$ cat final_19.csv   # CSV, C-alpha atoms
chain,number,residue,atom,x,y,z
A,883,MET,CA,0.0,0.0,0.0
A,884,GLU,CA,1.4,3.4,-1.0
A,885,PHE,CA,1.9,6.0,1.7
A,886,ARG,CA,-0.8,8.3,0.1
A,887,THR,CA,-3.4,5.6,0.3
A,888,VAL,CA,-3.0,5.1,4.1
A,889,PRO,CA,-4.7,8.4,5.0
A,890,PHE,CA,-7.6,7.6,2.6
A,891,VAL,CA,-8.1,4.1,4.1
A,892,MET,CA,-7.9,5.5,7.6
A,893,THR,CA,-10.5,8.2,6.7
A,894,LEU,CA,-12.8,5.5,5.4
A,895,ILE,CA,-12.4,3.4,8.6
A,896,ILE,CA,-12.9,6.3,10.9
A,897,GLY,CA,-15.9,7.6,8.9
A,898,GLY,CA,-17.4,4.2,8.8
A,899,CYS,CA,-17.3,3.9,12.5
A,900,THR,CA,-18.5,7.4,13.3
A,901,MET,CA,-21.3,7.7,10.7
A,902,THR,CA,-22.8,4.2,11.2
A,903,PRO,CA,-26.4,3.6,10.3
A,904,HIS,CA,-29.1,3.1,12.8
A,905,ARG,CA,-32.4,1.3,12.8
A,906,GLU,CA,-35.2,1.0,15.3
A,907,ILE,CA,-37.8,-1.7,16.0
A,908,GLN,CA,-40.8,-0.6,18.1
A,909,THR,CA,-43.7,-2.7,19.1
A,910,GLU,CA,-46.5,-2.1,21.6
A,911,ILE,CA,-49.3,-3.9,23.4
A,912,VAL,CA,-52.0,-3.1,25.9
A,913,ILE,CA,-51.9,-5.2,29.1
A,914,ASN,CA,-54.9,-5.3,31.3
A,915,SER,CA,-53.1,-4.6,34.5
A,916,LYS,CA,-51.4,-1.8,36.4
A,917,PRO,CA,-47.9,-0.7,35.4
A,918,SER,CA,-46.6,-1.9,38.8
A,919,GLN,CA,-47.7,-5.4,38.1
A,920,VAL,CA,-46.2,-5.3,34.6
A,921,TRP,CA,-42.9,-4.0,36.1
A,922,GLU,CA,-42.8,-6.7,38.7
A,923,VAL,CA,-42.9,-9.5,36.0
A,924,LEU,CA,-40.7,-7.6,33.6
A,925,THR,CA,-37.9,-7.1,36.2
A,926,ASN,CA,-38.1,-10.6,37.7
A,927,GLY,CA,-35.4,-12.2,35.5
A,928,ALA,CA,-35.4,-15.4,37.7
A,929,GLU,CA,-38.8,-16.4,36.2
A,930,TYR,CA,-38.0,-15.5,32.5
A,931,SER,CA,-37.5,-19.1,31.6
A,932,GLN,CA,-41.1,-19.8,32.7
A,933,TRP,CA,-42.8,-17.4,30.3
A,934,ASN,CA,-40.4,-15.5,28.0
A,935,PRO,CA,-39.8,-17.0,24.5
A,936,PHE,CA,-37.3,-14.3,23.5
A,937,ILE,CA,-35.0,-13.4,26.5
A,938,THR,CA,-35.0,-16.8,28.3
A,939,SER,CA,-32.8,-15.7,31.3
A,940,MET,CA,-32.0,-12.4,32.9
A,941,LYS,CA,-29.5,-12.3,35.9
A,942,GLY,CA,-28.3,-9.4,37.9
A,943,ASP,CA,-29.6,-6.3,39.7
A,944,ILE,CA,-31.8,-3.8,37.8
A,945,VAL,CA,-29.7,-0.8,38.9
A,946,VAL,CA,-28.6,2.0,36.6
A,947,GLY,CA,-24.9,1.5,35.7
A,948,GLU,CA,-24.9,-2.2,36.5
A,949,ARG,CA,-24.4,-5.0,34.0
A,950,ILE,CA,-26.9,-7.8,33.7
A,951,GLU,CA,-26.5,-11.1,31.9
A,952,ASN,CA,-29.2,-12.0,29.4
A,953,SER,CA,-29.7,-15.2,27.4
A,954,MET,CA,-31.6,-14.8,24.2
A,955,ALA,CA,-33.2,-17.6,22.1
A,956,ALA,CA,-31.5,-16.9,18.8
A,957,ARG,CA,-33.2,-19.9,17.2
A,958,PRO,CA,-34.4,-23.3,18.4
A,959,GLY,CA,-31.7,-25.0,20.3
A,960,ARG,CA,-29.3,-22.1,20.3
A,961,SER,CA,-29.0,-19.2,22.7
A,962,VAL,CA,-26.8,-16.1,22.8
A,963,THR,CA,-25.6,-14.6,26.1
A,964,PHE,CA,-24.9,-10.9,26.3
A,965,ARG,CA,-24.1,-8.5,29.1
A,966,PRO,CA,-25.8,-5.1,28.6
A,967,ARG,CA,-25.5,-2.2,31.0
A,968,ILE,CA,-28.7,-0.7,32.6
A,969,LEU,CA,-29.2,2.8,31.4
A,970,VAL,CA,-32.7,3.5,32.9
A,971,ALA,CA,-34.5,1.8,35.7
A,972,ASP,CA,-37.4,4.1,36.4
A,973,LYS,CA,-39.7,1.9,38.5
A,974,ASN,CA,-43.1,1.2,36.8
A,975,ARG,CA,-42.2,3.5,33.9
A,976,GLU,CA,-39.1,2.5,31.9
A,977,LEU,CA,-36.4,-0.1,31.7
A,978,ARG,CA,-33.5,0.5,29.2
A,979,TRP,CA,-30.2,-1.2,28.7
A,980,SER,CA,-27.4,-1.0,26.1
A,981,GLY,CA,-25.0,-3.5,24.8
A,982,SER,CA,-22.5,-4.3,22.0
A,983,LEU,CA,-21.6,-7.3,20.0
A,984,ILE,CA,-17.9,-8.0,20.3
A,985,VAL,CA,-16.7,-4.3,20.3
A,986,PRO,CA,-18.7,-1.0,20.2
A,987,ARG,CA,-19.9,0.3,16.9
A,988,ILE,CA,-20.0,-3.1,15.2
A,989,PHE,CA,-23.5,-4.0,16.3
A,990,ASP,CA,-24.9,-2.0,19.3
A,991,GLY,CA,-28.4,-2.1,20.7
A,992,GLU,CA,-30.3,0.0,23.1
A,993,HIS,CA,-33.2,-2.1,24.3
A,994,TYR,CA,-36.2,-0.4,26.0
A,995,PHE,CA,-39.5,-1.1,27.7
A,996,LYS,CA,-41.8,1.9,28.4
A,997,LEU,CA,-44.8,1.5,30.6
A,998,GLU,CA,-47.6,4.0,30.2
A,999,VAL,CA,-50.9,4.3,32.0
A,1000,HIS,CA,-53.7,3.4,29.7
A,1001,GLU,CA,-57.5,3.3,30.2
A,1002,LEU,CA,-57.4,-0.5,30.1
A,1003,GLY,CA,-54.2,-0.8,32.3
A,1004,THR,CA,-50.8,-0.4,30.8
A,1005,ARG,CA,-49.5,0.4,27.3
A,1006,LEU,CA,-46.1,-1.3,26.8
A,1007,VAL,CA,-43.8,0.2,24.2
A,1008,HIS,CA,-41.0,-2.3,23.6
A,1009,GLY,CA,-38.2,-1.7,21.2
A,1010,GLU,CA,-34.6,-1.4,20.3
A,1011,ILE,CA,-32.4,1.1,18.6
A,1012,PHE,CA,-29.7,-0.6,16.6
A,1013,ARG,CA,-26.4,1.1,15.6
A,1014,GLY,CA,-23.2,-0.1,14.0
A,1015,VAL,CA,-21.5,-1.0,10.7
A,1016,ALA,CA,-23.1,-4.5,10.8
A,1017,LEU,CA,-26.4,-2.8,9.9
A,1018,TRP,CA,-25.1,-2.5,6.3
A,1019,PHE,CA,-25.4,-6.3,6.2
A,1020,ILE,CA,-28.1,-7.2,8.8
A,1021,ASP,CA,-31.9,-6.6,8.4
A,1022,VAL,CA,-33.0,-6.1,12.0
A,1023,GLU,CA,-36.6,-6.2,11.0
A,1024,ARG,CA,-36.3,-10.0,11.2
A,1025,PHE,CA,-36.2,-9.6,15.0
A,1026,SER,CA,-39.5,-7.8,15.2
A,1027,ASP,CA,-41.5,-11.1,15.7
A,1028,ASN,CA,-39.3,-11.9,18.7
A,1029,PHE,CA,-40.4,-8.5,20.3
A,1030,SER,CA,-44.0,-9.1,19.6
A,1031,ASN,CA,-43.9,-12.7,20.9
A,1032,MET,CA,-42.3,-11.5,24.1
A,1033,ASN,CA,-45.0,-8.8,24.4
A,1034,GLU,CA,-47.8,-11.4,24.0
A,1035,ALA,CA,-46.1,-13.7,26.6
A,1036,LEU,CA,-45.7,-10.9,29.0
A,1037,LYS,CA,-49.4,-9.9,28.6
A,1038,THR,CA,-50.4,-13.5,29.3
A,1039,ARG,CA,-48.1,-13.8,32.3
A,1040,VAL,CA,-49.3,-10.6,33.9
A,1041,GLU,CA,-53.0,-11.1,33.2
A,1042,ARG,CA,-53.2,-14.6,34.5
$ encode --input "final_19.csv" --output "structure tokens"
Amino acid sequence: MEFRTVPFVMTLIIGGCTMTPHREIQTEIVINSKPSQVWEVLTNGAEYSQWNPFITSMKGDIVVGERIENSMAARPGRSVTFRPRILVADKNRELRWSGSLIVPRIFDGEHYFKLEVHELGTRLVHGEIFRGVALWFIDVERFSDNFSNMNEALKTRVER
């Protein structure tokens, strides 16, 4: 590689890491129960394996700044474990965490659950903001069904 091409290549790499694309999945569901009851189930990771088809395990304390350990059902018979950091833990209102795949800016996700008072109980807004260079190759919309399935399972669990 010629010396003149080094700055060009470095500019591409730095630009690619700083101007990465982002995508968002957002789902919602109304749960016929108070936000406090939804929060109780949502933050009880020890019971995720009993009801959650998407995030099958959540370990750790739901405290801002702390890391938790989540296992996600990637596909039948295969799970992926990741260790996101809690960004928001506003009791009965919002839970939000952020994590990266391998190293930051490759494939980052900021996952959120917002609980809003609704005339029938609680409106849950569940989504994730994805960022990183991997978005040039990955269609994150394929994860949308996982979010919806978790919403339905959470609704069933809370309303039972």
$ closest_residue --input "final_19.csv" --among "A:Arg1042, A:Arg949, A:Arg1005, A:Lys1037" --to "A:Ile968" --atoms "all atoms listed in the file"
A:Arg949
$ closest_residue --input "final_19.csv" --among "A:Ile944, A:Val962, A:Met954, A:Val920" --to "A:Arg975" --atoms "all atoms listed in the file"
A:Val920
$ closest_residue --input "final_19.csv" --among "A:Lys916, A:His1000, A:Arg905, A:Lys941" --to "A:Ala928" --atoms "all atoms listed in the file"
A:Lys941
$ residues_around --input "final_19.csv" --residues "A:Val985" --least-positions-apart "2" --cutoff "12 Å" --atoms "only C-alpha atoms" --output "ChimeraX atom specification"
/A:899,981-983,987-991,1014-1016
$ atom_distance --input "final_19.csv" --atom1 "atom CA of A:Gly927" --atom2 "atom CA of A:Pro966"
13.8 Å
$ atom_distance --input "final_19.csv" --atom1 "atom CA of A:Glu1034" --atom2 "atom CA of A:Gln919"
15.3 Å
$ residues_around --input "final_19.csv" --residues "A:Ser1026" --least-positions-apart "5" --cutoff "8 Å" --atoms "all atoms listed in the file" --output "list in words"
Ile907, Gln908 and Thr909 of chain A
$ build_atoms --input "final_19.csv" --residues "stretch 911-946 of chain A" --atoms "N, CA and C atoms" --output "tab-separated table (two decimals), keeping the file's coordinate frame"
chain	number	residue	atom	x	y	z
A	911	ILE	N	-48.15	-3.07	23.00
A	911	ILE	CA	-49.30	-3.90	23.40
A	911	ILE	C	-49.94	-3.30	24.60
A	912	VAL	N	-51.23	-3.51	24.75
A	912	VAL	CA	-52.00	-3.10	25.90
A	912	VAL	C	-52.14	-4.28	26.83
A	913	ILE	N	-51.75	-4.11	28.09
A	913	ILE	CA	-51.90	-5.20	29.10
A	913	ILE	C	-52.89	-4.75	30.12
A	914	ASN	N	-53.85	-5.60	30.37
A	914	ASN	CA	-54.90	-5.30	31.30
A	914	ASN	C	-54.50	-5.46	32.74
A	915	SER	N	-53.60	-4.58	33.15
A	915	SER	CA	-53.10	-4.60	34.50
A	915	SER	C	-52.33	-3.31	34.77
A	916	LYS	N	-52.11	-3.01	36.03
A	916	LYS	CA	-51.40	-1.80	36.40
A	916	LYS	C	-49.93	-1.85	36.02
A	917	PRO	N	-49.32	-0.69	35.73
A	917	PRO	CA	-47.90	-0.70	35.40
A	917	PRO	C	-47.02	-1.37	36.48
A	918	SER	N	-47.40	-1.24	37.75
A	918	SER	CA	-46.60	-1.90	38.80
A	918	SER	C	-46.57	-3.38	38.68
A	919	GLN	N	-47.68	-3.98	38.23
A	919	GLN	CA	-47.70	-5.40	38.10
A	919	GLN	C	-46.92	-5.85	36.83
A	920	VAL	N	-46.96	-5.05	35.77
A	920	VAL	CA	-46.20	-5.30	34.60
A	920	VAL	C	-44.68	-5.23	34.93
A	921	TRP	N	-44.32	-4.17	35.66
A	921	TRP	CA	-42.90	-4.00	36.10
A	921	TRP	C	-42.41	-5.14	36.90
A	922	GLU	N	-43.24	-5.63	37.80
A	922	GLU	CA	-42.80	-6.70	38.70
A	922	GLU	C	-42.46	-7.97	37.85
A	923	VAL	N	-43.25	-8.30	36.85
A	923	VAL	CA	-42.90	-9.50	36.00
A	923	VAL	C	-41.75	-9.17	35.10
A	924	LEU	N	-41.72	-7.97	34.53
A	924	LEU	CA	-40.70	-7.60	33.60
A	924	LEU	C	-39.28	-7.59	34.25
A	925	THR	N	-39.20	-7.23	35.51
A	925	THR	CA	-37.90	-7.10	36.20
A	925	THR	C	-37.55	-8.37	37.01
A	926	ASN	N	-38.40	-9.38	36.97
A	926	ASN	CA	-38.10	-10.60	37.70
A	926	ASN	C	-37.46	-11.62	36.73
A	927	GLY	N	-36.19	-11.41	36.48
A	927	GLY	CA	-35.40	-12.20	35.50
A	927	GLY	C	-35.36	-13.70	35.93
A	928	ALA	N	-35.46	-14.00	37.21
A	928	ALA	CA	-35.40	-15.40	37.70
A	928	ALA	C	-36.51	-16.25	37.11
A	929	GLU	N	-37.61	-15.61	36.71
A	929	GLU	CA	-38.80	-16.40	36.20
A	929	GLU	C	-38.89	-16.27	34.66
A	930	TYR	N	-37.94	-15.62	33.99
A	930	TYR	CA	-38.00	-15.50	32.50
A	930	TYR	C	-38.16	-16.83	31.83
A	931	SER	N	-37.47	-17.83	32.30
A	931	SER	CA	-37.50	-19.10	31.60
A	931	SER	C	-38.92	-19.75	31.66
A	932	GLN	N	-39.76	-19.30	32.57
A	932	GLN	CA	-41.10	-19.80	32.70
A	932	GLN	C	-42.09	-19.24	31.68
A	933	TRP	N	-41.77	-18.08	31.13
A	933	TRP	CA	-42.80	-17.40	30.30
A	933	TRP	C	-42.18	-16.74	29.02
A	934	ASN	N	-40.91	-16.36	29.04
A	934	ASN	CA	-40.40	-15.50	28.00
A	934	ASN	C	-39.75	-16.30	26.85
A	935	PRO	N	-40.33	-16.25	25.66
A	935	PRO	CA	-39.80	-17.00	24.50
A	935	PRO	C	-38.60	-16.35	23.85
A	936	PHE	N	-38.30	-15.11	24.20
A	936	PHE	CA	-37.30	-14.30	23.50
A	936	PHE	C	-36.01	-14.21	24.42
A	937	ILE	N	-36.15	-13.55	25.56
A	937	ILE	CA	-35.00	-13.40	26.50
A	937	ILE	C	-35.34	-14.49	27.59
A	938	THR	N	-34.66	-15.60	27.51
A	938	THR	CA	-35.00	-16.80	28.30
A	938	THR	C	-34.37	-16.72	29.72
A	939	SER	N	-33.46	-15.79	29.95
A	939	SER	CA	-32.80	-15.70	31.30
A	939	SER	C	-32.32	-14.24	31.42
A	940	MET	N	-32.51	-13.69	32.61
A	940	MET	CA	-32.00	-12.40	32.90
A	940	MET	C	-31.44	-12.46	34.37
A	941	LYS	N	-30.14	-12.23	34.53
A	941	LYS	CA	-29.50	-12.30	35.90
A	941	LYS	C	-28.86	-10.97	36.18
A	942	GLY	N	-28.96	-10.58	37.42
A	942	GLY	CA	-28.30	-9.40	37.90
A	942	GLY	C	-29.33	-8.38	38.45
A	943	ASP	N	-28.79	-7.32	39.02
A	943	ASP	CA	-29.60	-6.30	39.70
A	943	ASP	C	-30.02	-5.23	38.66
A	944	ILE	N	-31.27	-4.86	38.69
A	944	ILE	CA	-31.80	-3.80	37.80
A	944	ILE	C	-31.48	-2.46	38.45
A	945	VAL	N	-30.23	-2.05	38.29
A	945	VAL	CA	-29.70	-0.80	38.90
A	945	VAL	C	-28.96	-0.07	37.81
A	946	VAL	N	-29.25	1.22	37.66
A	946	VAL	CA	-28.60	2.00	36.60
A	946	VAL	C	-27.04	1.91	36.82
